[in-house]
file entry_35.cif (mmCIF, C-alpha atoms)
data_start
loop_
_atom_site.label_atom_id
_atom_site.label_comp_id
_atom_site.auth_asym_id
_atom_site.auth_seq_id
_atom_site.Cartn_x
_atom_site.Cartn_y
_atom_site.Cartn_z
CA MET L 1 -53.76 49.32 -43.14
CA PRO L 2 -51.94 52.10 -41.23
CA SER L 3 -53.03 55.70 -41.52
CA LEU L 4 -51.08 58.85 -40.80
CA GLY L 5 -53.44 60.30 -38.18
CA CYS L 6 -52.66 63.41 -36.16
CA LYS L 7 -50.71 62.91 -32.94
CA ASP L 8 -49.55 64.87 -29.93
CA TYR L 9 -45.83 65.31 -29.23
CA ARG L 10 -43.33 65.37 -26.39
CA THR L 11 -39.93 67.04 -26.72
CA LEU L 12 -37.00 66.32 -24.44
CA ILE L 13 -33.53 67.77 -23.85
CA LEU L 14 -31.04 65.02 -22.98
CA PRO L 15 -27.31 65.02 -22.17
CA ARG L 16 -25.13 64.18 -25.16
CA ALA L 17 -23.54 61.31 -23.25
CA THR L 18 -26.70 59.40 -22.35
CA LEU L 19 -30.26 58.87 -23.53
CA SER L 20 -31.40 57.60 -20.13
CA ARG L 21 -31.67 60.95 -18.35
CA THR L 22 -33.98 63.84 -19.22
CA VAL L 23 -32.61 67.29 -18.40
CA LEU L 24 -35.72 69.17 -19.49
CA GLU L 25 -39.10 68.29 -20.98
CA VAL L 26 -39.92 71.29 -23.16
CA PRO L 27 -43.50 72.64 -22.94
CA TRP L 28 -43.59 73.31 -26.65
CA SER L 29 -45.75 75.64 -28.70
CA SER L 30 -44.32 74.53 -32.06
CA VAL L 31 -42.21 71.62 -33.28
CA LYS L 32 -40.47 71.09 -36.62
CA TRP L 33 -38.58 68.03 -37.79
CA GLY L 34 -37.74 66.26 -41.02
CA ARG L 35 -35.94 63.52 -42.87
CA VAL L 36 -33.94 64.01 -46.07
CA LEU L 37 -31.97 61.98 -48.59
CA ASP L 38 -28.19 62.51 -48.87
CA ASP L 39 -28.13 65.42 -46.42
CA THR L 40 -28.45 66.34 -42.75
CA SER L 41 -31.98 67.05 -41.51
CA SER L 42 -33.00 69.58 -38.88
CA GLY L 43 -35.32 69.65 -35.91
CA SER L 44 -36.46 72.48 -33.66
CA VAL L 45 -38.82 73.17 -30.80
CA THR L 46 -40.10 76.52 -29.51
CA ALA L 47 -41.35 76.99 -25.95
CA GLY L 48 -42.69 79.88 -23.93
CA GLY L 49 -40.36 82.22 -22.05
CA GLY L 50 -40.93 80.24 -18.85
CA CYS L 51 -38.21 77.80 -19.96
CA CYS L 52 -35.49 80.43 -19.63
CA THR L 53 -34.81 79.65 -15.96
CA ASP L 54 -34.46 75.94 -16.73
CA VAL L 55 -32.03 76.60 -19.58
CA LEU L 56 -29.81 78.73 -17.36
CA ARG L 57 -30.09 76.40 -14.35
CA ASP L 58 -29.18 73.27 -16.31
CA SER L 59 -26.52 74.97 -18.49
CA ILE L 60 -28.12 73.66 -21.69
CA ARG L 61 -25.66 74.31 -24.51
CA PRO L 62 -25.04 73.32 -28.16
CA TRP L 63 -23.42 69.91 -28.69
CA SER L 64 -23.50 69.18 -24.95
CA HIS L 65 -27.18 68.29 -25.23
CA THR L 66 -29.51 66.39 -27.56
CA LEU L 67 -33.03 67.21 -28.72
CA ALA L 68 -35.39 64.22 -28.82
CA ILE L 69 -38.80 64.50 -30.52
CA ILE L 70 -41.44 61.93 -29.60
CA ARG L 71 -44.67 61.43 -31.53
CA VAL L 72 -47.07 60.02 -28.98
CA GLY L 73 -48.03 56.50 -30.00
CA ASP L 74 -45.12 56.19 -32.45
CA GLY L 75 -42.19 56.73 -30.10
CA ARG L 76 -39.14 58.84 -30.81
CA VAL L 77 -39.18 59.98 -34.45
CA TRP L 78 -36.20 62.33 -34.48
CA SER L 79 -33.13 63.14 -32.37
CA GLY L 80 -29.84 64.94 -32.75
CA PRO L 81 -27.41 67.40 -31.19
CA LEU L 82 -28.47 70.91 -30.27
CA VAL L 83 -26.65 73.42 -32.46
CA GLY L 84 -28.31 76.67 -31.34
CA ILE L 85 -30.56 78.29 -28.74
CA ARG L 86 -32.47 81.45 -29.70
CA ASP L 87 -34.66 84.09 -28.14
CA THR L 88 -37.74 84.65 -30.31
CA ASP L 89 -40.98 86.62 -30.07
CA GLU L 90 -42.76 83.34 -29.20
CA GLY L 91 -40.26 82.30 -26.54
CA ILE L 92 -37.05 80.28 -26.56
CA ALA L 93 -36.19 78.05 -29.54
CA PHE L 94 -33.93 75.01 -29.55
CA ASP L 95 -32.37 74.18 -32.96
CA ALA L 96 -30.82 70.81 -33.69
CA ARG L 97 -29.46 68.67 -36.52
CA ASP L 98 -29.67 64.92 -36.96
CA LEU L 99 -26.74 62.76 -35.87
CA SER L 100 -24.94 63.01 -39.23
CA ALA L 101 -24.06 66.58 -38.15
CA TRP L 102 -21.28 65.08 -36.06
CA LEU L 103 -19.55 63.95 -39.27
CA ASP L 104 -19.13 67.61 -40.30
CA HIS L 105 -17.20 68.13 -37.06
CA ARG L 106 -14.94 65.08 -37.18
CA ARG L 107 -11.74 64.65 -39.15
CA VAL L 108 -10.52 61.53 -40.94
CA HIS L 109 -7.89 60.33 -38.47
CA ASP L 110 -6.31 57.29 -40.12
CA LEU L 111 -4.78 56.42 -43.48
CA HIS L 112 -7.41 55.30 -46.00
CA ALA L 113 -6.08 53.74 -49.21
CA HIS L 114 -8.95 51.93 -50.91
CA THR L 115 -8.39 50.24 -54.28
CA LEU L 116 -11.24 48.62 -56.24
CA GLU L 117 -13.28 48.56 -53.04
CA GLU L 118 -17.07 48.54 -52.94
CA LEU L 119 -18.27 52.11 -52.29
CA THR L 120 -20.43 51.43 -49.24
CA SER L 121 -17.46 49.64 -47.67
CA ILE L 122 -15.37 52.81 -48.15
CA TYR L 123 -18.24 54.83 -46.66
CA GLU L 124 -18.40 52.53 -43.62
CA SER L 125 -14.64 52.72 -43.10
CA LEU L 126 -14.67 56.54 -43.10
CA TRP L 127 -17.76 56.68 -40.83
CA ASP L 128 -16.13 54.30 -38.33
CA ASP L 129 -12.92 56.35 -38.38
CA ALA L 130 -14.77 59.62 -37.72
CA MET L 131 -16.85 58.31 -34.83
CA ALA L 132 -14.22 56.10 -33.13
CA PRO L 133 -12.46 58.72 -30.95
CA ASP L 134 -15.70 59.80 -29.24
CA PRO L 135 -18.67 57.52 -30.06
CA ILE L 136 -22.25 58.76 -29.75
CA GLU L 137 -24.58 56.47 -27.80
CA ASP L 138 -26.87 54.35 -29.98
CA TYR L 139 -25.77 56.03 -33.23
CA THR L 140 -25.54 53.07 -35.61
CA LEU L 141 -24.78 52.50 -39.28
CA SER L 142 -26.96 50.19 -41.40
CA VAL L 143 -25.32 49.29 -44.72
CA THR L 144 -26.80 47.69 -47.85
CA PRO L 145 -23.78 46.78 -50.05
CA GLY L 146 -23.69 46.99 -53.84
CA THR L 147 -21.36 46.07 -56.67
CA VAL L 148 -19.84 49.42 -57.73
CA THR L 149 -16.17 49.72 -56.79
CA GLY L 150 -13.71 52.59 -56.76
CA ASP L 151 -10.43 53.97 -55.48
CA ARG L 152 -10.21 56.52 -52.69
CA GLU L 153 -7.27 57.83 -50.68
CA VAL L 154 -7.37 60.08 -47.62
CA LEU L 155 -4.25 60.79 -45.59
CA PRO L 156 -4.45 61.82 -41.91
CA GLU L 157 -2.06 64.74 -42.52
CA GLN L 158 -4.56 66.19 -45.01
CA ASN L 159 -6.91 66.93 -42.07
CA ARG L 160 -10.02 66.19 -44.13
CA ILE L 161 -13.48 66.54 -42.60
CA ALA L 162 -15.26 63.18 -42.73
CA GLY L 163 -18.60 64.70 -43.75
CA ASP L 164 -17.05 66.15 -46.92
CA GLU L 165 -15.61 62.78 -47.93
CA LEU L 166 -18.90 60.98 -47.25
CA ARG L 167 -20.94 63.53 -49.20
CA GLU L 168 -18.65 62.97 -52.20
CA LEU L 169 -19.53 59.28 -52.06
CA GLY L 170 -23.17 60.32 -51.84
CA ARG L 171 -22.80 62.16 -55.13
CA THR L 172 -21.01 59.34 -56.93
CA GLY L 173 -22.85 56.14 -56.14
CA VAL L 174 -24.06 55.93 -52.53
CA ASP L 175 -27.40 56.95 -50.98
CA TRP L 176 -27.78 57.75 -47.28
CA THR L 177 -30.29 59.10 -44.79
CA VAL L 178 -30.69 59.30 -41.01
CA VAL L 179 -33.88 58.18 -39.26
CA ASP L 180 -33.71 58.95 -35.54
CA ARG L 181 -30.42 57.28 -34.53
CA VAL L 182 -29.90 54.94 -37.50
CA HIS L 183 -27.74 56.11 -40.40
CA TYR L 184 -28.83 54.14 -43.48
CA VAL L 185 -26.39 53.68 -46.38
CA ALA L 186 -27.01 51.88 -49.67
CA ALA L 187 -25.18 51.47 -52.97
CA ASP L 188 -28.30 51.85 -55.12
CA GLU L 189 -31.39 52.72 -53.10
CA ILE L 190 -32.12 52.84 -49.39
CA GLU L 191 -33.68 49.57 -48.31
CA ALA L 192 -37.22 50.49 -47.25
CA ASP L 193 -40.72 49.11 -47.64
CA LEU L 194 -42.79 50.25 -50.62
CA LEU L 195 -45.03 53.11 -49.50
CA GLY L 196 -47.88 52.04 -51.78
CA LEU L 197 -50.16 54.18 -53.93
CA PHE L 198 -50.71 57.92 -53.37
CA ILE L 199 -53.64 59.58 -55.14
CA GLY L 200 -55.01 63.10 -55.00
CA GLU L 201 -57.35 62.49 -52.06
CA HIS L 202 -54.39 61.50 -49.87
CA PHE L 203 -53.22 65.14 -49.93
CA LEU L 204 -54.89 68.24 -48.51
CA SER L 205 -54.37 70.00 -51.85
CA PRO L 206 -52.71 69.00 -55.14
CA PRO L 207 -48.92 68.78 -54.68
CA GLU L 208 -46.67 71.04 -56.72
CA VAL L 209 -45.40 69.28 -59.87
CA GLU L 210 -42.32 70.60 -61.69
CA ILE L 211 -40.57 69.50 -64.87
CA ASP L 212 -37.06 70.75 -64.12
CA GLY L 213 -34.96 71.36 -67.23
CA THR L 214 -32.22 73.16 -65.29
CA VAL L 215 -30.64 69.82 -64.35
CA GLN L 216 -31.01 68.22 -67.79
CA ALA L 217 -27.84 67.22 -69.68
CA ASN L 218 -26.92 64.74 -72.41
CA ASP L 219 -23.12 65.12 -72.30
CA TRP L 220 -21.24 64.70 -69.02
CA VAL L 221 -17.61 65.06 -67.95
CA VAL L 222 -16.60 64.12 -64.40
CA ALA L 223 -13.12 65.31 -63.41
CA GLY L 224 -11.54 63.29 -60.60
CA ALA L 225 -8.27 63.88 -58.75
CA GLY L 226 -6.33 66.75 -60.29
CA GLY L 227 -9.49 68.35 -61.66
CA GLY L 228 -8.88 67.26 -65.25
CA ALA L 229 -5.68 69.30 -65.69
CA GLU L 230 -3.29 68.50 -68.52
CA GLY L 231 -1.68 65.14 -67.97
CA ASP L 232 -4.34 64.05 -65.50
CA GLU L 233 -6.08 60.88 -66.70
CA VAL L 234 -8.80 60.75 -64.03
CA VAL L 235 -11.62 62.00 -66.24
CA GLY L 236 -14.91 60.24 -66.94
CA VAL L 237 -17.16 60.95 -69.92
CA ALA L 238 -20.63 59.83 -70.97
CA SER L 239 -22.95 61.18 -73.65
CA SER L 240 -25.99 60.38 -75.75
CA THR L 241 -27.21 61.62 -79.11
CA PRO L 242 -29.08 64.90 -78.57
CA GLY L 243 -32.76 64.99 -79.43
CA PRO L 244 -34.83 68.09 -80.16
CA GLU L 245 -33.45 69.69 -77.00
CA GLY L 246 -30.00 70.01 -78.62
CA LEU L 247 -26.61 69.63 -76.96
CA LEU L 248 -26.67 70.10 -73.18
CA GLU L 249 -23.22 69.70 -71.59
CA SER L 250 -22.38 69.54 -67.92
CA VAL L 251 -19.25 69.08 -65.79
CA ALA L 252 -18.78 67.81 -62.24
CA SER L 253 -15.58 67.86 -60.19
CA GLU L 254 -15.02 65.13 -57.62
CA SER L 255 -11.47 65.34 -56.30
CA GLY L 256 -11.97 62.20 -54.20
CA ILE L 257 -12.26 59.99 -57.30
CA LEU L 258 -8.84 58.48 -58.04
CA ASP L 259 -9.58 56.05 -60.88
CA VAL L 260 -10.99 56.35 -64.39
CA THR L 261 -13.44 53.48 -63.85
CA SER L 262 -15.14 55.37 -61.01
CA ALA L 263 -15.10 58.61 -63.00
CA ASP L 264 -16.70 56.89 -66.01
CA ALA L 265 -19.30 55.30 -63.75
CA ALA L 266 -20.07 58.66 -62.15
CA ALA L 267 -20.49 60.27 -65.58
CA ALA L 268 -22.73 57.44 -66.80
CA THR L 269 -24.84 57.68 -63.65
CA ARG L 270 -25.32 61.41 -64.11
CA LEU L 271 -26.23 60.92 -67.76
CA ALA L 272 -28.86 58.30 -66.92
CA ARG L 273 -30.35 60.62 -64.31
CA SER L 274 -30.44 63.81 -66.37
CA GLU L 275 -30.90 62.79 -70.02
CA VAL L 276 -34.61 63.59 -69.76
CA ALA L 277 -35.88 66.57 -67.75
CA PRO L 278 -36.98 65.02 -64.43
CA VAL L 279 -40.47 65.49 -63.02
CA PHE L 280 -40.47 66.37 -59.31
CA VAL L 281 -43.46 66.25 -56.96
CA ARG L 282 -42.87 68.89 -54.31
CA GLN L 283 -44.64 70.10 -51.19
CA GLY L 284 -47.51 67.64 -50.94
CA THR L 285 -49.15 67.89 -47.50
CA LEU L 286 -50.73 64.60 -46.47
CA ALA L 287 -54.27 64.26 -45.20
CA ALA L 288 -54.59 62.57 -41.80
CA THR L 289 -56.35 59.69 -43.56
CA ALA L 290 -53.42 58.99 -45.91
CA PRO L 291 -52.65 55.23 -45.82
CA VAL L 292 -49.13 55.42 -44.44
CA GLY L 293 -47.56 55.36 -40.99
CA ILE L 294 -45.01 57.94 -39.91
CA GLY L 295 -42.41 55.21 -39.44
CA GLN L 296 -42.70 54.21 -43.09
CA LEU L 297 -41.65 57.64 -44.33
CA ILE L 298 -37.98 56.87 -44.90
CA PRO L 299 -36.27 58.96 -47.59
CA GLY L 300 -35.41 56.74 -50.54
CA ALA L 301 -38.53 54.58 -50.17
CA ARG L 302 -40.49 54.04 -53.38
CA ALA L 303 -44.11 55.13 -53.85
CA ARG L 304 -46.56 54.86 -56.71
CA LEU L 305 -47.97 58.30 -57.57
CA SER L 306 -51.15 58.81 -59.56
CA LEU L 307 -51.82 62.53 -59.42
CA SER L 308 -53.74 64.74 -61.80
CA GLY L 309 -52.31 67.86 -60.20
CA ARG L 310 -53.34 71.33 -61.22
CA CYS L 311 -52.17 70.91 -64.81
CA LEU L 312 -49.27 68.43 -64.95
CA ARG L 313 -50.19 64.80 -64.39
CA VAL L 314 -47.87 62.31 -62.67
CA ASP L 315 -48.43 58.57 -63.06
CA ALA L 316 -45.17 56.91 -62.11
CA THR L 317 -43.16 55.26 -59.37
CA GLN L 318 -40.94 57.77 -57.61
CA ARG L 319 -38.91 57.76 -54.44
CA LEU L 320 -39.36 59.83 -51.31
CA LEU L 321 -36.89 62.69 -51.26
CA GLY L 322 -37.82 64.42 -48.02
CA VAL L 323 -40.27 64.69 -45.13
CA GLN L 324 -41.06 67.93 -43.29
CA VAL L 325 -43.31 67.90 -40.21
CA ASP L 326 -44.72 71.08 -38.64
CA VAL L 327 -46.64 70.85 -35.37
CA ASN L 328 -48.38 73.70 -33.55
CA ARG L 329 -50.35 74.00 -30.33
CA ALA L 330 -53.01 76.67 -29.89
CA GLY L 331 -54.88 76.40 -26.61
CA GLY L 332 -55.52 72.70 -26.17
CA ALA L 333 -55.59 71.90 -29.89
CA VAL L 334 -52.65 70.30 -31.73
CA THR L 335 -52.31 70.61 -35.50
CA GLU L 336 -49.78 68.60 -37.50
CA GLN L 337 -48.77 68.97 -41.15
CA VAL L 338 -46.69 66.24 -42.80
CA THR L 339 -45.32 67.41 -46.14
CA LEU L 340 -43.61 65.08 -48.62
CA SER L 341 -41.47 65.64 -51.69
CA PHE L 342 -40.62 63.03 -54.32
CA GLU L 343 -38.12 62.63 -57.12
CA PRO L 344 -37.83 60.29 -60.13
CA LEU L 345 -35.98 57.03 -59.58
CA GLY L 346 -32.25 57.44 -59.90
CA THR L 347 -32.20 61.24 -59.62
CA VAL L 348 -29.15 62.78 -58.03
CA ALA L 349 -28.49 66.36 -56.95
CA ASP L 350 -25.08 67.81 -57.75
CA THR L 351 -23.86 70.09 -54.98
#

call {"tool": "encode", "arguments": {"input": "entry_35.cif", "output": "structure tokens"}}
result
Amino acid sequence: MPSLGCKDYRTLILPRATLSRTVLEVPWSSVKWGRVLDDTSSGSVTAGGGCCTDVLRDSIRPWSHTLAIIRVGDGRVWSGPLVGIRDTDEGIAFDARDLSAWLDHRRVHDLHAHTLEELTSIYESLWDDAMAPDPIEDYTLSVTPGTVTGDREVLPEQNRIAGDELRELGRTGVDWTVVDRVHYVAADEIEADLLGLFIGEHFLSPPEVEIDGTVQANDWVVAGAGGGAEGDEVVGVASSTPGPEGLLESVASESGILDVTSADAAAATRLARSEVAPVFVRQGTLAATAPVGIGQLIPGARARLSLSGRCLRVDATQRLLGVQVDVNRAGGAVTEQVTLSFEPLGTVADT
């Protein structure tokens, strides 16, 4: 059985155009990286002021260079384009985002007119379009298709940013995450191995447990193209009989939805995910003896949680929402904290 352990790290600055040449190996004092569901993760490394000469000599700049984070014994665990370089009290800091950050800086270039097409297929088409003019080495898409279909239309003259269109699909029936240089997309849940059982002793202290009523609703309207204005028929509705909580209404606007079937499906999905106040497990820092390898921690993976907590008990299967890793070096000692957050199955965040 694997265990998390506590490992040393190497951090490299590479040219954007190739992974085969190292511009700078950063003598780090702290490293941060993560993985998240349906969003772009971040990574950063801080080094002493002695790196300044190397940065200037090699003209290290945002987007021209890539940050690669290697967990010794596990290989590269995170990589993505540099987006900022900062002077700090501790030295110089390199800030990066995972490879999906490129999608927020690429337009949709071609005509996309999708009718009754499976949603991950639409996602793949838009991703391919965005990356085609200037591909990124070894950035690949891994797709798990589903059965939900919809209509989408994007015209090149609209000058839409691809990341915006893909995030809309992420809110209406598609899950995605980036692990190193693989961009996983699934219609229902990310395809990942079951993480197994987590109990209290697998964490350094009891994780935070929250019953979040702010996202609860039992009556949903999803307005598609046109925003639900008079005469616009692209509106989806779904509701259930209120219980003791009373009537809780909510509205979402998704201008990319062009058909009533998709709007109804989006409303029904939101209803199923919010009818009962969800229970979130947040900020649980793993013990080094936790029975899981770092490579298994893929957002969207299911885990069985049996936690007594401080007051609220959780005994359910949930899915991994995010991973945050913080590494520090003091003298010759390396400390690593791996913090997990979980959400109920089927939960979606409306942004």

call {"tool": "resolve_selection", "arguments": {"input": "entry_35.cif", "expression": "the PyMOL selection byres ((chain L and resi 113) around 7)", "output": "number ranges by chain"}}
result
L: 111-112, 114-115, 152-154

call {"tool": "closest_residue", "arguments": {"input": "entry_35.cif", "among": "L:Ser100, L:Ser142, L:Ser240, L:Thr269", "to": "L:Thr172", "atoms": "all atoms listed in the file"}}
result
L:Thr269

call {"tool": "closest_residue", "arguments": {"input": "entry_35.cif", "among": "L:Glu157, L:Glu343, L:Asp58, L:Asp175", "to": "L:Val209", "atoms": "all atoms listed in the file"}}
result
L:Glu343

call {"tool": "closest_residue", "arguments": {"input": "entry_35.cif", "among": "L:Arg10, L:Arg310, L:Arg107, L:Arg270", "to": "L:Trp127", "atoms": "all atoms listed in the file"}}
result
L:Arg107

call {"tool": "resolve_selection", "arguments": {"input": "entry_35.cif", "expression": "the PyMOL selection byres ((chain L and resi 167) around 12)", "output": "PyMOL selection string"}}
result
chain L and resi 37-40+100-101+103-104+123+126-127+161-166+168-177+185+254-256+349-351

call {"tool": "resolve_selection", "arguments": {"input": "entry_35.cif", "expression": "the PyMOL selection byres ((chain L and resi 144) around 10)", "output": "list of chain:residue names"}}
result
L:Thr120, L:Ser121, L:Ser142, L:Val143, L:Pro145, L:Gly146, L:Val174, L:Asp175, L:Tyr184, L:Val185, L:Ala186, L:Ala187, L:Asp188, L:Glu189, L:Ile190, L:Glu191

call {"tool": "closest_residue", "arguments": {"input": "entry_35.cif", "among": "L:Val72, L:Val55, L:Val334, L:Val179", "to": "L:Arg97", "atoms": "all atoms listed in the file"}}
result
L:Val179

call {"tool": "residues_near_point", "arguments": {"input": "entry_35.cif", "point": "(-45.0, 56.2, -53.3)", "cutoff": "9 Å", "atoms": "all atoms listed in the file", "output": "compact mmCIF listing (two decimals) with C-alpha atoms, in the coordinates of the input"}}
result
# COMPACT_ATOMS: atom_id res chain seq x y z
CA LEU L 194 -42.79 50.25 -50.62
CA LEU L 195 -45.03 53.11 -49.50
CA GLY L 196 -47.88 52.04 -51.78
CA LEU L 197 -50.16 54.18 -53.93
CA PHE L 198 -50.71 57.92 -53.37
CA ALA L 301 -38.53 54.58 -50.17
CA ARG L 302 -40.49 54.04 -53.38
CA ALA L 303 -44.11 55.13 -53.85
CA ARG L 304 -46.56 54.86 -56.71
CA LEU L 305 -47.97 58.30 -57.57
CA ALA L 316 -45.17 56.91 -62.11
CA THR L 317 -43.16 55.26 -59.37
CA GLN L 318 -40.94 57.77 -57.61
CA ARG L 319 -38.91 57.76 -54.44
CA LEU L 320 -39.36 59.83 -51.31
CA PHE L 342 -40.62 63.03 -54.32

call {"tool": "atom_distance", "arguments": {"input": "entry_35.cif", "atom1": "atom CA of L:Arg35", "atom2": "atom CA of L:Ala267"}}
result
27.7 Å

call {"tool": "closest_residue", "arguments": {"input": "entry_35.cif", "among": "L:Gln216, L:Thr46, L:Asn159, L:Thr18", "to": "L:Val31", "atoms": "all atoms listed in the file"}}
result
L:Thr46
